[in-house]
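To keep things clear, I will list the structure first and then write my remarks on it.
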Amino acid sequence: MPTFEFDLSCLFPNSEEIGDRDLTLSVTDPRSVEYVRAELRRHSRLDPSQADAVVDALTRELALIQGPPGTGKVTSFIHLSFTGVELLRVLRANNVGPILMIAFTNHALDHMLTSVLDAGITKKIIRLGSRSTDERISQFSIETLEMVNEESRLNRTFAGKRRELKNIQETIRKLMENVLKHDLDSNEVMKYLSTFHPEHHAYLNRPLPWIRNIKTLFADNDDGEGEWQQQGRRGKAFTKDMSFYAFWRDGSDLEFVGALSDGSYTPWRPATPPQETIGNRFDILKQDDSPSSDDEYATGEEDEDDSQSEDVPAEDAWMTVNVKPPPEPARTEEAPVPSTQTTIPFVEPENRDDRGISQADFKDLDGFLAEIGCSQLPVIPTSNRPLEELLEEVGDVWTMSILERNVLHNFWVNQTRIELAESQKGEFERLLALSRAREGLFIFGNAANLSSRSRMWHQVIEELETNEALGPALPIACHRHPETLEYVSVPGQLPQIAPDGGCMRPCDFRLNCGHMCPFKCHSDDQKHASVTCTQSCTRLCTRGHPCAKLCAAPCGDCFFPVANVELPCGHSKASVPCHQLSTLENIFCDLEVIKELPHCEHTATMPCSIDPSTYLCKAPCGGIMGCCGRTCKAKCSECQQKNTAPEEGRIQRSEHLPHPCQKPLFCEHLCQEHCSEDHKHTVSCKEPCRQACSHARCRLPCSASCAPCQEPCTWSCLHRSCPVPCGSVCARLPCDVPCEKTLRCGHRCPSVCGEECDVQICPRCAPGDKKNQVADFIMQRTLSEVEPELGTLDEMTITIPSCKHTFTIETLDGHCGMSDFYLQKEPGERWLGLLSPVGFRKPPACPTCRSPITAPRYGRIFKRADLDILEQNVAARMSRALDRVQTSILRISEDEMKAQVIRLAGAIKIRPSKTPKSTKKQAKARSEELKTQKELPVSEHALNAANNTLHVIDSAVTKDWRTITHPLFNAYREAAAVTDTRSAHMHAWESAFTFLFQHELSALMNNPSRLPSRPHENAMRLAKLHVGQSRPLADRRFVVEAFWCTLHIRLTLISLGRTWLEEVGKREADYPQYHFHQWANYIKFILKSCSRDVDIALELARSSDSHRQVTKTSLLYMRVKLEDFRFGFYMNKETGAIKDHRPDLVKAVEEHGCEARQLMTGVVAEHLANKPEEEVSWLKENFSDAAHTIVDEWNTIKEALIRGSTFYQEVSLKEQMEIVRAFNFGYTGHFYNCENGHTFVITECGGAMERSVCPECGSPIGGESHRLDSRNTRASQYDDLAREAHRGIGETPWANPY
């Protein structure tokens, strides 16, 4: 599977070591293979070579793992790792199966299965075959499993074959008995020495005379009762070896000399006979009964039980020779042996009458030595030479020490076993081959080598030579052509002689059809039941046409072509198959004819046999769509499916296929929303952003607000350069000088100086289709007709980079509206200065394909248009944010919050604590916070009561306060973010101004001789002069409205905070006065922040000439002043200071009331001076009524103070100054901008029928007879903003909220 991956985590011994490593192996990903290979080498239980083997096996269809024994192919006891077992573990862990395991021997298979069980990989095993000696594996044999399930299906009909195998098994068992017997006979070792070590063999057979005499003197077979038996472990007995080799091996000669030397053996002295022990004739020595083995010369193999079941495999049967032991005599005590002596069995010799040496023959040691043939007592050797020296430097083996004899003996025994196994291997292989041969037996090998090394093979080869069955090659003959005999002796020769199992001659078998077999001689399918004849058919159809199929294939229908057959429809068919002549009505007539369609008014060209009722009309629908009034361009059949079909007649297509709106948005991208009767244009354009330059391309969608490019502008030439950043509106004049550079074709560049020459298309070398395109829209001349060499604007060309269309400069200058951005004395003359058009500008587009024009000459135009688009994106974002803020504020219930304040304030208790030394630090911090010179409202962090830097409020109070007011703070945070949003025009203007300021300042500093007294002010003046446009102001209306939201939120916080004071003031015992005054300081700070921010909002409104915003902000100013005095009056009353300060309070009320009346009068006069008379109603509703209420409230407070009263009923201004949405869309009409950029709406049909002035700045707006004033521009983009903010309204345009 392409996506399959192996999980190799099972190869790691500790799961904690895996950690977060990815241990999945993707066999198709080289990086995954290398990563897993490295991880397995470092951390798994496998060594590096085994890890490579596992990975290679899992990533290949066929893998061969080879290596010498002990390297971990199947098992590695050193690393406790199993390469084959670990592969099985991975396969089972990843549910890969079934898995087939094959081994050459039963023992190897059982070993592999045991490893699987020991590793705990699976117990779902089925072993085929019954020759398993492992009880654990036997229970998984198929016979055992079938018997357990009582579903045995074994066939018991092979008893005869089984008996044959049992006979062969018995022969093999006897053979293995000889190979694997415990004790090697001395004759076998001597036979080996006679062949491979003849010098040693000669020395062993010819010992010194005294050695031969003492062996004869103490021979064990002198009683004539048969061979001696030596007792072994567990009561077993074996025949004692009495050969010279055993005498040399045991070091009996050396022990005899040692016994004479230490006096433990003195045959010339009479002594009390010791108690005889069967198997001992030296009374000073004892038999070794170490439990390590049955024989002190055994090689380490353990004896098994002599009885063998006939079902036991021969290779696992350990057989021993049974020798009948003699009667067991009584045991005697054994004398201790000196630690320096080697022990040998000793048996006291019996008196001889007819031969040998008797005690009477010698009287002392010298006599004894002379009698046995030794001149002096020999010295026992103690040398310890290595095996190589003992084999190479051949000397008398009887002079070797006992250690050297043991070394040689062990080596000779091992080599004898190997040679014995090799000699018996041929017999075993012969028996094995005979047990498996059925039709015959081929033997491959070196006959001469086998004959010289094995008696069995010598006999076999002689018999083969006698029967002429021995040769250098295999004789082969074809079963169909036995007379041809071939001999094969080279690899690859057999497929050349007999590729198909036969010979190379053609097969001469005649098939049933009469044709000959098409193949070469083959050994399979002798009856040719599956051979297919490949000859052509010879039969004819009923009309006499020959069959075109093969001989072996059924003839079936006749496909012989009959020409010019007339069909029932009257048309003629060029060719018809023979078998279709009987059913001409079923033949498809493919002649194209025109037919009327039954379900619509269209006709269609179709084959004659097609039914027009089943034909899907592909013609354009052409119906008028009710959603937009345009003609439907969808297929007629698609629109038919959208309508109900009548039983008869045409389908009335009133519903049409959905289609995208495709109307241009303000960004010049097309609306992709589905058009409908209540269609709303998309307000979130998903096309790529238009901001692209030589430095980078914006990757955000078009509707997202992004920052203009801050890199230096690239529009420069030899005569001029743009001094502002790339993202700002270009502030240089166009250059009309012809470009002097040369194109790649060799011709001069046809454009003006400053354009990219690599983009320009040469009118002389352009392709034919380019030359035929219209380049001059005024004179309708093609590109081939213009003459750039003349150097005039109507002859020189510019190629648009985005689409490669080429036009004359005069054409593009007029198309892009260069006269709106640059000042000329007369058209066609040189450029004099920069202009800044008012209103929204659409991006210039190619006259042919509507691709954006981004040539450097028109940088001031398209960058201004791009900034306008960014401006609308920023406006949309700010409007949506303000709408969310205002909606959240309107959803908050102040009455519910007050109830929550009363409940929590009535339950809170604060422990009396020691008054802090001073709170001057917090008071100073609050004062500095209010003095911050930023056009932003006070931060949400500063208003947080838990801010220990500014306020000293108990934590229990701040916790409850946060619980109550967190919705207000969330709205405040979002409104404050709107005030920090910069518009695209402001961003670009500030970037251009900063860029020019630094440039001018650097120029002044580099010329100290002409440095003015105030260089920074001079540089700012020059930067404003060269920036090319005035600072944008109209966008600040959103900032002012965001300030209003923050002021409304803070006034609500003040109301709630005063309610808290009123409640806790009733419980002085639970709320100490210190905390009461700190809370009052907190509310006072909020009031001061309102005073600060209302001044900032008023200044912003006045700087942007928004008169209505000035009026509304002035009303907020009056309210903040009133709320500030109200709170001070309340605190004086609560603290009892009102009696002492009553005269001062009366005077302050009179001053504030007078100021409020003057402000009200001034605002009304200023507003009416800039507005028409119809503004009176708006002014009364939005300012005058609430302002009079505030003035009357000042009078009420004054009267209360004069009367000496400490109580008066405060008038709530909440109803009269409820926060309004920034965009109160609710009127019909269309949107326009005045010359200062303020938006206004014309109701009813939206056409201009009368003149008026802008409600914000007083500039002329409107027009006459549906003709808009030339200084006004359309602002249709705000329709979409209105519909987004209020989904429920219909086709509702922008409406001024004031």
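Identifiers for the structure tokens are assigned positionally: chains receive A, B, ... in sequence, residues are indexed from 1 per chain, and ligands are indexed from 1 in the order shown.
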Proximity of range 479-581 of chain A to range 602-621 of chain A: per-residue shortest pair, 12 Å limit, only C-alpha atoms, as JSON lines:
{"residue": "A:Leu567", "atom": "CA", "partner": "A:Ser609", "partner_atom": "CA", "distance": 10.9}
{"residue": "A:Pro568", "atom": "CA", "partner": "A:Ser609", "partner_atom": "CA", "distance": 10.8}
{"residue": "A:Cys569", "atom": "CA", "partner": "A:Cys608", "partner_atom": "CA", "distance": 8.3}
{"residue": "A:Gly570", "atom": "CA", "partner": "A:Cys608", "partner_atom": "CA", "distance": 10.4}
{"residue": "A:His571", "atom": "CA", "partner": "A:Cys608", "partner_atom": "CA", "distance": 9.0}
{"residue": "A:Ser572", "atom": "CA", "partner": "A:Cys608", "partner_atom": "CA", "distance": 11.6}
{"residue": "A:Lys573", "atom": "CA", "partner": "A:Cys608", "partner_atom": "CA", "distance": 11.8}
Same residues, C-alpha atoms, output as a compact mmCIF listing (two decimals), in the first residue's frame:
# COMPACT_ATOMS: atom_id res chain seq x y z
CA LEU A 567 -31.13 2.31 -43.98
CA PRO A 568 -34.85 2.49 -43.06
CA CYS A 569 -34.52 6.28 -42.49
CA GLY A 570 -33.61 6.72 -46.17
CA HIS A 571 -29.96 7.55 -45.60
CA SER A 572 -27.17 5.38 -46.95
CA LYS A 573 -24.56 3.77 -44.70
What does the distance between CA of Asp134 in chain A and CA of Leu100 in chain A come to in Å, to one decimal place?
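The value is 19.7 Å.
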Write out as a VMD selection string the residues lying within 10 Å of Leu64 in chain A, counting only C-alpha atoms and excluding same-chain residues fewer than 3 positions away.
chain A and resid 53 56 to 57
Would you save the residues from that selection as a PDB file, in the first residue's frame, using all heavy atoms?
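Here's the written file result17.pdb:
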ATOM      1  N   ALA A  53      20.152  -4.581   8.499  1.00  0.00           N
ATOM      2  CA  ALA A  53      19.487  -5.763   7.929  1.00  0.00           C
ATOM      3  C   ALA A  53      17.980  -5.665   8.102  1.00  0.00           C
ATOM      4  O   ALA A  53      17.216  -5.974   7.182  1.00  0.00           O
ATOM      5  CB  ALA A  53      20.027  -7.030   8.583  1.00  0.00           C
ATOM      6  N   ASP A  56      16.621  -2.880   5.707  1.00  0.00           N
ATOM      7  CA  ASP A  56      16.667  -3.308   4.312  1.00  0.00           C
ATOM      8  C   ASP A  56      15.615  -4.374   4.035  1.00  0.00           C
ATOM      9  O   ASP A  56      15.013  -4.389   2.957  1.00  0.00           O
ATOM     10  CB  ASP A  56      18.058  -3.841   3.978  1.00  0.00           C
ATOM     11  CG  ASP A  56      19.108  -2.737   3.987  1.00  0.00           C
ATOM     12  OD1 ASP A  56      18.698  -1.563   3.855  1.00  0.00           O
ATOM     13  OD2 ASP A  56      20.302  -3.031   4.136  1.00  0.00           O
ATOM     14  N   ALA A  57      15.390  -5.278   4.975  1.00  0.00           N
ATOM     15  CA  ALA A  57      14.382  -6.322   4.764  1.00  0.00           C
ATOM     16  C   ALA A  57      12.979  -5.739   4.704  1.00  0.00           C
ATOM     17  O   ALA A  57      12.132  -6.217   3.949  1.00  0.00           O
ATOM     18  CB  ALA A  57      14.474  -7.367   5.887  1.00  0.00           C
TER      19      ALA A  57
END
Spatial neighbours of Lys642 in chain A, max dist 8 Å, only C-alpha atoms, sep filter under 5 positions, as an mmCIF file with all heavy atoms, in the first residue's frame:
data_model
loop_
_atom_site.group_PDB
_atom_site.id
_atom_site.type_symbol
_atom_site.label_atom_id
_atom_site.label_comp_id
_atom_site.auth_asym_id
_atom_site.auth_seq_id
_atom_site.Cartn_x
_atom_site.Cartn_y
_atom_site.Cartn_z
ATOM 1 N N ARG A 653 -38.594 28.825 -18.709
ATOM 2 C CA ARG A 653 -37.381 28.992 -17.911
ATOM 3 C C ARG A 653 -37.449 30.307 -17.124
ATOM 4 O O ARG A 653 -36.919 31.331 -17.556
ATOM 5 C CB ARG A 653 -36.143 28.970 -18.802
ATOM 6 C CG ARG A 653 -35.979 27.685 -19.609
ATOM 7 C CD ARG A 653 -34.651 27.633 -20.329
ATOM 8 N NE ARG A 653 -34.496 28.720 -21.283
ATOM 9 C CZ ARG A 653 -34.975 28.731 -22.521
ATOM 10 N NH1 ARG A 653 -35.686 27.680 -22.980
ATOM 11 N NH2 ARG A 653 -34.773 29.758 -23.316
ATOM 12 N N GLU A 655 -36.607 30.264 -13.704
ATOM 13 C CA GLU A 655 -35.467 30.143 -12.799
ATOM 14 C C GLU A 655 -34.228 29.823 -13.624
ATOM 15 O O GLU A 655 -34.291 29.035 -14.571
ATOM 16 C CB GLU A 655 -35.710 29.050 -11.762
ATOM 17 C CG GLU A 655 -36.908 29.297 -10.865
ATOM 18 C CD GLU A 655 -36.661 30.473 -9.932
ATOM 19 O OE1 GLU A 655 -35.471 30.751 -9.643
ATOM 20 O OE2 GLU A 655 -37.637 31.092 -9.494
ATOM 21 N N HIS A 656 -33.134 30.423 -13.246
ATOM 22 C CA HIS A 656 -31.902 30.250 -14.018
ATOM 23 C C HIS A 656 -30.781 29.744 -13.116
ATOM 24 O O HIS A 656 -30.874 29.811 -11.891
ATOM 25 C CB HIS A 656 -31.493 31.572 -14.687
ATOM 26 C CG HIS A 656 -32.501 32.069 -15.673
ATOM 27 N ND1 HIS A 656 -32.532 31.684 -16.985
ATOM 28 C CD2 HIS A 656 -33.542 32.939 -15.514
ATOM 29 C CE1 HIS A 656 -33.524 32.282 -17.613
ATOM 30 N NE2 HIS A 656 -34.160 33.050 -16.728
ATOM 31 N N LEU A 657 -29.774 29.243 -13.766
ATOM 32 C CA LEU A 657 -28.627 28.701 -13.051
ATOM 33 C C LEU A 657 -27.934 29.803 -12.249
ATOM 34 O O LEU A 657 -27.764 30.920 -12.748
ATOM 35 C CB LEU A 657 -27.630 28.088 -14.038
ATOM 36 C CG LEU A 657 -26.552 27.172 -13.444
ATOM 37 C CD1 LEU A 657 -27.184 25.878 -12.962
ATOM 38 C CD2 LEU A 657 -25.485 26.870 -14.493
#
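Pairwise distance (CA of Arg744 in chain A, CA of Pro767 in chain A) equals 15.0 Å.
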List the spatial neighbours of range 623-627 of chain A as a tab-separated table (two decimals) with N, CA, C and O atoms, in the first residue's frame - criterion: any atom at most 7 Å away, only C-alpha atoms, same-chain residues fewer than 6 positions off excluded.
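part-v1.tsv, freshly written:
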chain	number	residue	atom	x	y	z
A	656	HIS	N	-33.13	30.42	-13.25
A	656	HIS	CA	-31.90	30.25	-14.02
A	656	HIS	C	-30.78	29.74	-13.12
A	656	HIS	O	-30.87	29.81	-11.89
A	675	CYS	N	-25.38	35.95	-7.60
A	675	CYS	CA	-26.35	37.02	-7.86
A	675	CYS	C	-27.75	36.53	-7.50
A	675	CYS	O	-28.11	35.39	-7.76
A	676	SER	N	-28.54	37.42	-6.88
A	676	SER	CA	-29.91	37.09	-6.50
A	676	SER	C	-30.70	38.39	-6.41
A	676	SER	O	-30.15	39.49	-6.53
A	677	GLU	N	-32.00	38.26	-6.21
A	677	GLU	CA	-32.84	39.46	-6.14
A	677	GLU	C	-32.49	40.31	-4.92
A	677	GLU	O	-32.61	41.53	-4.97
Applying 9 Å and only C-alpha atoms, which residues near His458 in chain A remain after dropping the ones on its own chain fewer than 6 positions away? List them as a short mmCIF file (atom, residue, chain, number, x, y, z; two decimals) with N, CA and C atoms, in the first residue's frame.
data_model
loop_
_atom_site.label_atom_id
_atom_site.label_comp_id
_atom_site.auth_asym_id
_atom_site.auth_seq_id
_atom_site.Cartn_x
_atom_site.Cartn_y
_atom_site.Cartn_z
N ALA A 447 34.66 -37.44 -8.55
CA ALA A 447 34.69 -38.89 -8.36
C ALA A 447 36.02 -39.36 -7.81
N ALA A 448 37.10 -38.80 -8.34
CA ALA A 448 38.43 -39.25 -7.89
C ALA A 448 38.63 -38.91 -6.41
N LEU A 450 36.27 -38.40 -4.06
CA LEU A 450 35.38 -39.21 -3.24
C LEU A 450 35.90 -40.65 -3.13
N SER A 451 36.40 -41.18 -4.21
CA SER A 451 36.87 -42.56 -4.21
C SER A 451 38.08 -42.73 -3.32
N SER A 452 38.96 -41.70 -3.28
CA SER A 452 40.17 -41.83 -2.47
C SER A 452 39.92 -41.57 -0.99
#
Distance query range 1050-1064 of chain A at most 8 Å, only C-alpha atoms, self and fewer than 5 positions along chain excluded, as a VMD selection string:
chain A and resid 894 897 to 898 901 to 902 905 to 906 965 1071 1076 1079 to 1080 1083 1086 to 1087 1090 1127
List every residue of range 448-510 of chain A that DSSP, applied to the backbone of this structure, places in alpha helix (DSSP H), and write the result as a PyMOL selection string.
chain A and resi 448-453+455-466+493-497
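Ranking A:Cys551, A:Leu474, A:Ala1169, A:Cys541 by their shortest atom-to-atom distance to Met516 in chain A, with only C-alpha atoms included, puts A:Cys551 first.
With CA of Ser684 in chain A on one side and CA of Ser703 in chain A on the other, the separation reads 5.3 Å.
The nearest approach to Arg962 in chain A among the residues A:Ser751, A:Val838, A:Leu943, A:Asn948, with only C-alpha atoms taken into account, belongs to A:Leu943.
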